[in-house]
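The next block is my_file.txt, given as compact mmCIF, C-alpha atoms.
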# COMPACT_ATOMS: atom_id res chain seq x y z
CA MET A 1001 91.74 99.87 109.67
CA ILE A 1002 93.01 98.37 106.41
CA GLU A 1003 94.67 94.96 106.64
CA LEU A 1004 96.65 93.34 103.85
CA GLY A 1005 97.56 89.66 103.94
CA GLY A 1006 100.01 88.28 101.38
CA LEU A 1007 98.68 90.67 98.74
CA THR A 1008 100.12 89.85 95.33
CA LYS A 1009 99.58 90.96 91.74
CA ALA A 1010 101.28 89.19 88.86
CA TYR A 1011 100.98 89.39 85.10
CA GLY A 1012 102.25 86.02 83.92
CA ASP A 1013 105.79 85.69 85.28
CA MET A 1014 106.04 89.40 86.13
CA VAL A 1015 105.21 90.06 89.80
CA VAL A 1016 104.18 93.70 90.30
CA VAL A 1017 103.16 93.49 93.97
CA ASP A 1018 104.85 90.72 95.91
CA GLY A 1019 103.17 89.23 98.99
CA ILE A 1020 102.55 92.37 101.04
CA SER A 1021 101.21 91.89 104.57
CA LEU A 1022 100.61 95.14 106.40
CA THR A 1023 98.15 96.99 108.63
CA ILE A 1024 97.23 100.61 107.91
CA PRO A 1025 95.68 102.01 111.10
CA SER A 1026 92.62 104.23 111.10
CA GLY A 1027 93.04 107.99 111.10
CA GLY A 1028 95.53 110.39 109.60
CA ILE A 1029 97.44 110.29 106.33
CA THR A 1030 99.44 107.30 105.13
CA SER A 1031 101.57 108.07 102.09
CA ILE A 1032 102.93 105.43 99.73
CA ILE A 1033 106.25 106.41 98.15
CA GLY A 1034 108.81 104.73 95.94
CA PRO A 1035 110.35 104.88 92.46
CA ASN A 1036 108.45 104.35 89.22
CA GLY A 1037 107.47 100.71 88.84
CA ALA A 1038 107.57 100.03 92.59
CA GLY A 1039 103.93 98.88 92.57
CA LYS A 1040 102.42 101.84 94.43
CA SER A 1041 99.37 102.45 92.24
CA THR A 1042 98.82 98.72 91.74
CA LEU A 1043 98.75 98.24 95.52
CA LEU A 1044 96.27 101.09 95.94
CA SER A 1045 94.09 99.74 93.12
CA MET A 1046 93.88 96.33 94.78
CA ILE A 1047 92.98 97.89 98.13
CA GLY A 1048 90.18 99.79 96.38
CA ARG A 1049 89.03 96.75 94.37
CA LEU A 1050 89.77 98.49 91.10
CA LEU A 1051 92.13 95.64 90.33
CA LYS A 1052 91.76 91.97 91.22
CA ALA A 1053 94.56 90.50 93.31
CA THR A 1054 96.37 87.42 92.08
CA ALA A 1055 96.64 86.22 95.68
CA GLY A 1056 96.15 87.48 99.21
CA THR A 1057 93.47 89.44 101.02
CA VAL A 1058 92.40 93.00 101.77
CA SER A 1059 90.01 93.88 104.57
CA VAL A 1060 88.60 97.27 105.53
CA ASP A 1061 87.22 97.48 109.05
CA GLY A 1062 86.94 93.69 109.00
CA LEU A 1063 85.15 93.53 105.62
CA ASP A 1064 86.74 91.35 102.95
CA VAL A 1065 87.10 93.75 100.03
CA ALA A 1066 86.84 90.96 97.43
CA ALA A 1067 83.61 89.54 98.86
CA THR A 1068 81.74 92.59 100.18
CA PRO A 1069 78.82 93.86 98.06
CA SER A 1070 79.75 97.00 96.14
CA ASN A 1071 77.15 99.22 97.76
CA THR A 1072 78.28 98.19 101.25
CA LEU A 1073 81.95 98.70 100.42
CA ALA A 1074 81.25 102.09 98.83
CA ARG A 1075 79.98 103.33 102.19
CA ARG A 1076 83.31 102.45 103.80
CA LEU A 1077 85.87 103.12 101.08
CA SER A 1078 86.17 105.72 98.32
CA VAL A 1079 88.82 105.90 95.61
CA LEU A 1080 90.15 108.64 93.35
CA ARG A 1081 92.09 107.24 90.41
CA GLN A 1082 95.21 108.84 89.00
CA GLU A 1083 93.48 109.51 85.67
CA ASN A 1084 89.82 110.48 85.51
CA HIS A 1085 88.40 110.56 82.00
CA ILE A 1086 84.77 111.68 81.86
CA THR A 1087 83.22 111.90 78.41
CA ALA A 1088 79.92 113.45 79.50
CA ARG A 1089 79.86 117.23 79.88
CA LEU A 1090 79.23 117.66 83.60
CA THR A 1091 79.17 120.61 85.93
CA VAL A 1092 81.07 120.54 89.20
CA ARG A 1093 77.79 120.04 91.08
CA ASP A 1094 76.87 117.11 88.79
CA LEU A 1095 80.22 115.47 89.47
CA VAL A 1096 80.08 115.90 93.24
CA THR A 1097 76.54 114.51 93.27
CA PHE A 1098 77.94 111.20 91.99
CA GLY A 1099 79.58 110.88 95.39
CA ARG A 1100 76.14 110.41 96.95
CA TYR A 1101 75.24 107.42 94.75
CA PRO A 1102 76.05 104.73 97.37
CA HIS A 1103 73.57 106.49 99.65
CA SER A 1104 70.94 107.73 97.19
CA ARG A 1105 71.13 104.93 94.56
CA GLY A 1106 70.40 107.64 92.00
CA ARG A 1107 67.37 109.05 93.84
CA VAL A 1108 68.92 112.26 95.13
CA THR A 1109 67.16 113.69 98.17
CA ALA A 1110 67.20 117.16 99.65
CA GLY A 1111 69.60 115.80 102.27
CA ASP A 1112 71.93 114.56 99.53
CA ARG A 1113 71.84 117.96 97.85
CA ASP A 1114 72.74 119.61 101.15
CA LYS A 1115 75.75 117.31 101.51
CA VAL A 1116 76.83 118.10 97.94
CA THR A 1117 76.67 121.82 98.68
CA ALA A 1118 78.58 121.31 101.94
CA ALA A 1119 81.35 119.37 100.15
CA ILE A 1120 81.65 122.04 97.46
CA ASP A 1121 81.78 124.77 100.11
CA TRP A 1122 84.36 122.85 102.15
CA LEU A 1123 86.65 122.59 99.12
CA GLY A 1124 86.24 126.31 98.46
CA ILE A 1125 84.82 125.91 94.96
CA SER A 1126 81.30 127.29 95.46
CA ASP A 1127 81.89 129.82 92.68
CA LEU A 1128 82.62 126.93 90.30
CA ALA A 1129 79.57 124.78 91.13
CA GLY A 1130 77.77 125.62 87.89
CA ARG A 1131 80.85 125.49 85.66
CA PHE A 1132 81.57 122.57 83.33
CA LEU A 1133 84.61 120.44 84.15
CA ASP A 1134 86.21 121.09 80.75
CA GLU A 1135 86.17 124.82 81.55
CA LEU A 1136 88.31 124.42 84.67
CA SER A 1137 92.03 124.50 85.29
CA GLY A 1138 93.77 121.32 86.42
CA GLY A 1139 93.83 122.46 90.03
CA GLN A 1140 90.15 123.42 90.02
CA ARG A 1141 89.16 120.13 88.43
CA GLN A 1142 91.16 118.14 90.98
CA ARG A 1143 89.37 119.94 93.82
CA ALA A 1144 86.05 118.99 92.25
CA PHE A 1145 87.06 115.31 92.20
CA ILE A 1146 88.23 115.51 95.82
CA ALA A 1147 84.85 117.04 96.72
CA MET A 1148 83.16 114.07 95.04
CA VAL A 1149 85.06 111.44 97.04
CA LEU A 1150 84.62 113.35 100.31
CA CYS A 1151 80.89 113.70 99.60
CA GLN A 1152 80.74 109.90 99.54
CA GLU A 1153 81.32 110.14 103.32
CA THR A 1154 83.50 107.08 103.69
CA ASP A 1155 85.84 106.56 106.63
CA HIS A 1156 88.66 105.52 104.26
CA VAL A 1157 89.73 107.52 101.19
CA LEU A 1158 92.30 106.30 98.65
CA LEU A 1159 93.98 108.93 96.44
CA ASP A 1160 96.28 107.88 93.60
CA GLU A 1161 98.75 110.67 92.85
CA PRO A 1162 96.38 113.57 93.62
CA LEU A 1163 99.21 116.05 92.86
CA ASN A 1164 99.62 114.78 89.30
CA ASN A 1165 99.96 117.70 86.83
CA LEU A 1166 99.58 120.33 89.56
CA ASP A 1167 102.04 123.22 89.89
CA LEU A 1168 103.71 123.90 93.24
CA LYS A 1169 101.07 126.32 94.52
CA HIS A 1170 98.17 123.98 93.74
CA ALA A 1171 100.07 120.95 95.03
CA VAL A 1172 100.59 122.66 98.39
CA GLY A 1173 96.93 123.67 98.46
CA MET A 1174 95.87 120.10 97.71
CA MET A 1175 98.05 118.64 100.47
CA LYS A 1176 96.63 121.15 102.95
CA LEU A 1177 93.12 120.03 101.99
CA ILE A 1178 94.08 116.38 102.44
CA ARG A 1179 95.54 117.20 105.85
CA ARG A 1180 92.34 119.03 106.81
CA ALA A 1181 90.22 116.08 105.70
CA ALA A 1182 92.18 113.86 108.08
CA ASP A 1183 92.17 116.32 110.99
CA ASP A 1184 88.78 118.04 110.71
CA LEU A 1185 86.66 115.30 109.10
CA GLY A 1186 88.32 112.34 110.79
CA ARG A 1187 88.97 110.49 107.54
CA THR A 1188 91.69 107.91 106.96
CA LEU A 1189 93.56 108.87 103.80
CA VAL A 1190 95.95 106.62 101.90
CA VAL A 1191 97.80 108.63 99.26
CA VAL A 1192 100.28 107.66 96.54
CA LEU A 1193 102.87 110.44 96.25
CA HIS A 1194 105.96 110.95 94.15
CA ASP A 1195 107.20 113.96 96.12
CA VAL A 1196 109.00 112.72 99.23
CA ASN A 1197 109.06 116.21 100.75
CA PHE A 1198 105.26 116.43 100.67
CA ALA A 1199 105.08 112.96 102.21
CA ALA A 1200 107.52 113.96 104.95
CA HIS A 1201 105.71 117.18 105.82
CA TYR A 1202 102.05 116.13 105.69
CA SER A 1203 101.96 112.41 106.51
CA ASP A 1204 101.48 110.56 109.77
CA ARG A 1205 102.88 107.34 108.29
CA ILE A 1206 104.88 106.46 105.21
CA ILE A 1207 104.98 103.17 103.31
CA ALA A 1208 108.09 102.93 101.13
CA MET A 1209 108.02 100.45 98.24
CA ARG A 1210 110.60 99.09 95.85
CA GLY A 1211 110.34 96.19 93.43
CA GLY A 1212 106.78 95.34 94.44
CA LYS A 1213 107.61 94.99 98.13
CA VAL A 1214 107.21 97.20 101.19
CA VAL A 1215 110.81 97.78 102.26
CA HIS A 1216 110.17 100.30 105.05
CA HIS A 1217 107.15 101.70 106.84
CA GLY A 1218 106.70 103.96 109.84
CA THR A 1219 106.58 107.61 110.80
CA PRO A 1220 108.26 110.24 108.61
CA ASP A 1221 111.13 110.41 111.12
CA GLU A 1222 111.60 106.65 110.79
CA VAL A 1223 111.42 106.46 106.99
CA VAL A 1224 112.71 109.80 105.71
CA ARG A 1225 116.39 109.06 106.29
CA ALA A 1226 119.27 109.44 103.89
CA ASP A 1227 120.32 105.78 104.00
CA ILE A 1228 116.77 104.47 103.51
CA LEU A 1229 115.87 106.83 100.67
CA THR A 1230 119.21 106.33 98.91
CA ASP A 1231 118.58 102.59 98.99
CA ILE A 1232 114.98 102.93 97.74
CA TYR A 1233 115.65 105.36 94.89
CA ASP A 1234 119.18 104.18 94.04
CA VAL A 1235 120.55 107.72 93.93
CA PRO A 1236 122.44 109.71 96.60
CA ILE A 1237 119.95 111.55 98.81
CA ALA A 1238 120.54 113.96 101.69
CA VAL A 1239 118.03 114.69 104.45
CA HIS A 1240 118.02 117.97 106.40
CA GLU A 1241 115.97 119.34 109.29
CA LEU A 1242 114.10 122.55 108.51
CA ALA A 1243 111.54 124.05 110.90
CA GLY A 1244 110.86 120.66 112.42
CA THR A 1245 110.33 118.89 109.09
CA ARG A 1246 112.69 116.61 107.25
CA VAL A 1247 113.63 117.98 103.83
CA VAL A 1248 115.07 115.82 101.06
CA THR A 1249 117.60 116.98 98.48
CA CYS A 1250 119.10 115.05 95.60
CA PHE A 1251 121.52 116.30 92.96
CA GLY A 1252 122.79 113.00 91.58

What would the structure in this file look like if it were written as structure tokens?
Amino acid sequence: MIELGGLTKAYGDMVVVDGISLTIPSGGITSIIGPNGAGKSTLLSMIGRLLKATAGTVSVDGLDVAATPSNTLARRLSVLRQENHITARLTVRDLVTFGRYPHSRGRVTAGDRDKVTAAIDWLGISDLAGRFLDELSGGQRQRAFIAMVLCQETDHVLLDEPLNNLDLKHAVGMMKLIRRAADDLGRTLVVVLHDVNFAAHYSDRIIAMRGGKVVHHGTPDEVVRADILTDIYDVPIAVHELAGTRVVTCFG
């Protein structure tokens, strides 16, 4: 469980995240949606301790994120940033092995190597294990990063716009993998998404943000409604039912 209490981030007089208090229950997929500038990635970064909060608290399974030693927190919580710039020339296997650092502290064991192989196999990229990251397509590289965070074996996984720069086929494939990680591996995934249709189809819960605040949260049926989305995005939005899933259309 992730608990937020009065979480705030401000840069001078500009408040980016404004006093959010919320509980994200364990299990399943929680998607964070909202327009550009809503504070989605800033909120996720504070949960993952990538960014220091101006005020408020974050706890993960009762651990205060701000005060917990890094190695302890890294066994509970893993984070994949929106942008991942790696200057060293690494293979896929090298990258995924970094996910074992909180457990191995750099002294990789046979057991760690087995878990690396299992993560690579689970993501379906065994044929890419020896390839360098700069030789891969965007979709292949994103799978390698997902394998790294899953190999960390944390109960909670934070993903900041994992569909960024992916075409439709690879975006669908990535969301299916995220769904499988929740269902088959029992992980709690918190995902920042721009595509409301992906959020509606794959999520268990949706947090909708606007202007640094959480304005709605609940199940997809509770949040993916024409009046709510029109208010959040400030553009006329229609919601339809298709094969049991809510589908969003917007033509301005």

>> Tell me which residues come within 7 Å of (89.5, 109.1, 106.1), as an MDAnalysis selection string, counting only C-alpha atoms in the file's coordinates.
In response: chainID A and resid 1027 1154:1157 1182 1186:1189

>> Env of Arg1076 in chain A: 12 Å cut, atoms = all atoms listed in the file, seq-sep filter 3 positions within chain, self excluded. Answer as a PyMOL selection string.
In response: chain A and resi 1001-1002+1026+1048+1059-1065+1068-1073+1079+1102-1103+1149-1150+1152-1158+1187-1188

Prev. selection, C-alpha atoms, output as an mmCIF file, in the coordinates of the input:
data_model
loop_
_atom_site.group_PDB
_atom_site.id
_atom_site.type_symbol
_atom_site.label_atom_id
_atom_site.label_comp_id
_atom_site.auth_asym_id
_atom_site.auth_seq_id
_atom_site.Cartn_x
_atom_site.Cartn_y
_atom_site.Cartn_z
ATOM 1 C CA MET A 1001 91.740 99.870 109.670
ATOM 2 C CA ILE A 1002 93.010 98.370 106.410
ATOM 3 C CA SER A 1026 92.620 104.230 111.100
ATOM 4 C CA GLY A 1048 90.180 99.790 96.380
ATOM 5 C CA SER A 1059 90.010 93.880 104.570
ATOM 6 C CA VAL A 1060 88.600 97.270 105.530
ATOM 7 C CA ASP A 1061 87.220 97.480 109.050
ATOM 8 C CA GLY A 1062 86.940 93.690 109.000
ATOM 9 C CA LEU A 1063 85.150 93.530 105.620
ATOM 10 C CA ASP A 1064 86.740 91.350 102.950
ATOM 11 C CA VAL A 1065 87.100 93.750 100.030
ATOM 12 C CA THR A 1068 81.740 92.590 100.180
ATOM 13 C CA PRO A 1069 78.820 93.860 98.060
ATOM 14 C CA SER A 1070 79.750 97.000 96.140
ATOM 15 C CA ASN A 1071 77.150 99.220 97.760
ATOM 16 C CA THR A 1072 78.280 98.190 101.250
ATOM 17 C CA LEU A 1073 81.950 98.700 100.420
ATOM 18 C CA VAL A 1079 88.820 105.900 95.610
ATOM 19 C CA PRO A 1102 76.050 104.730 97.370
ATOM 20 C CA HIS A 1103 73.570 106.490 99.650
ATOM 21 C CA VAL A 1149 85.060 111.440 97.040
ATOM 22 C CA LEU A 1150 84.620 113.350 100.310
ATOM 23 C CA GLN A 1152 80.740 109.900 99.540
ATOM 24 C CA GLU A 1153 81.320 110.140 103.320
ATOM 25 C CA THR A 1154 83.500 107.080 103.690
ATOM 26 C CA ASP A 1155 85.840 106.560 106.630
ATOM 27 C CA HIS A 1156 88.660 105.520 104.260
ATOM 28 C CA VAL A 1157 89.730 107.520 101.190
ATOM 29 C CA LEU A 1158 92.300 106.300 98.650
ATOM 30 C CA ARG A 1187 88.970 110.490 107.540
ATOM 31 C CA THR A 1188 91.690 107.910 106.960
#

>> Show me, as a list in words, the residues that have an atom within 12 Å of Ser1104 in chain A when counting all atoms listed in the file, minus same-chain residues fewer than 4 positions from it.
In response: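 Counting only the stated atoms, we get Asn1071, Ala1074, Arg1075, Thr1097, Phe1098, Gly1099, Arg1100, Val1108, Thr1109, Ala1110, Gly1111, Asp1112, Arg1113, Lys1115, Val1116, Cys1151 and Gln1152 of chain A.
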
> So how far away is CA of Lys1213 in chain A from CA of Ala1055 in chain A, in Å?
Replying inline: 14.3 Å

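For the pair CA of Val1239 in chain A and CA of Lys1040 in chain A, the interatomic distance is 22.6 Å.
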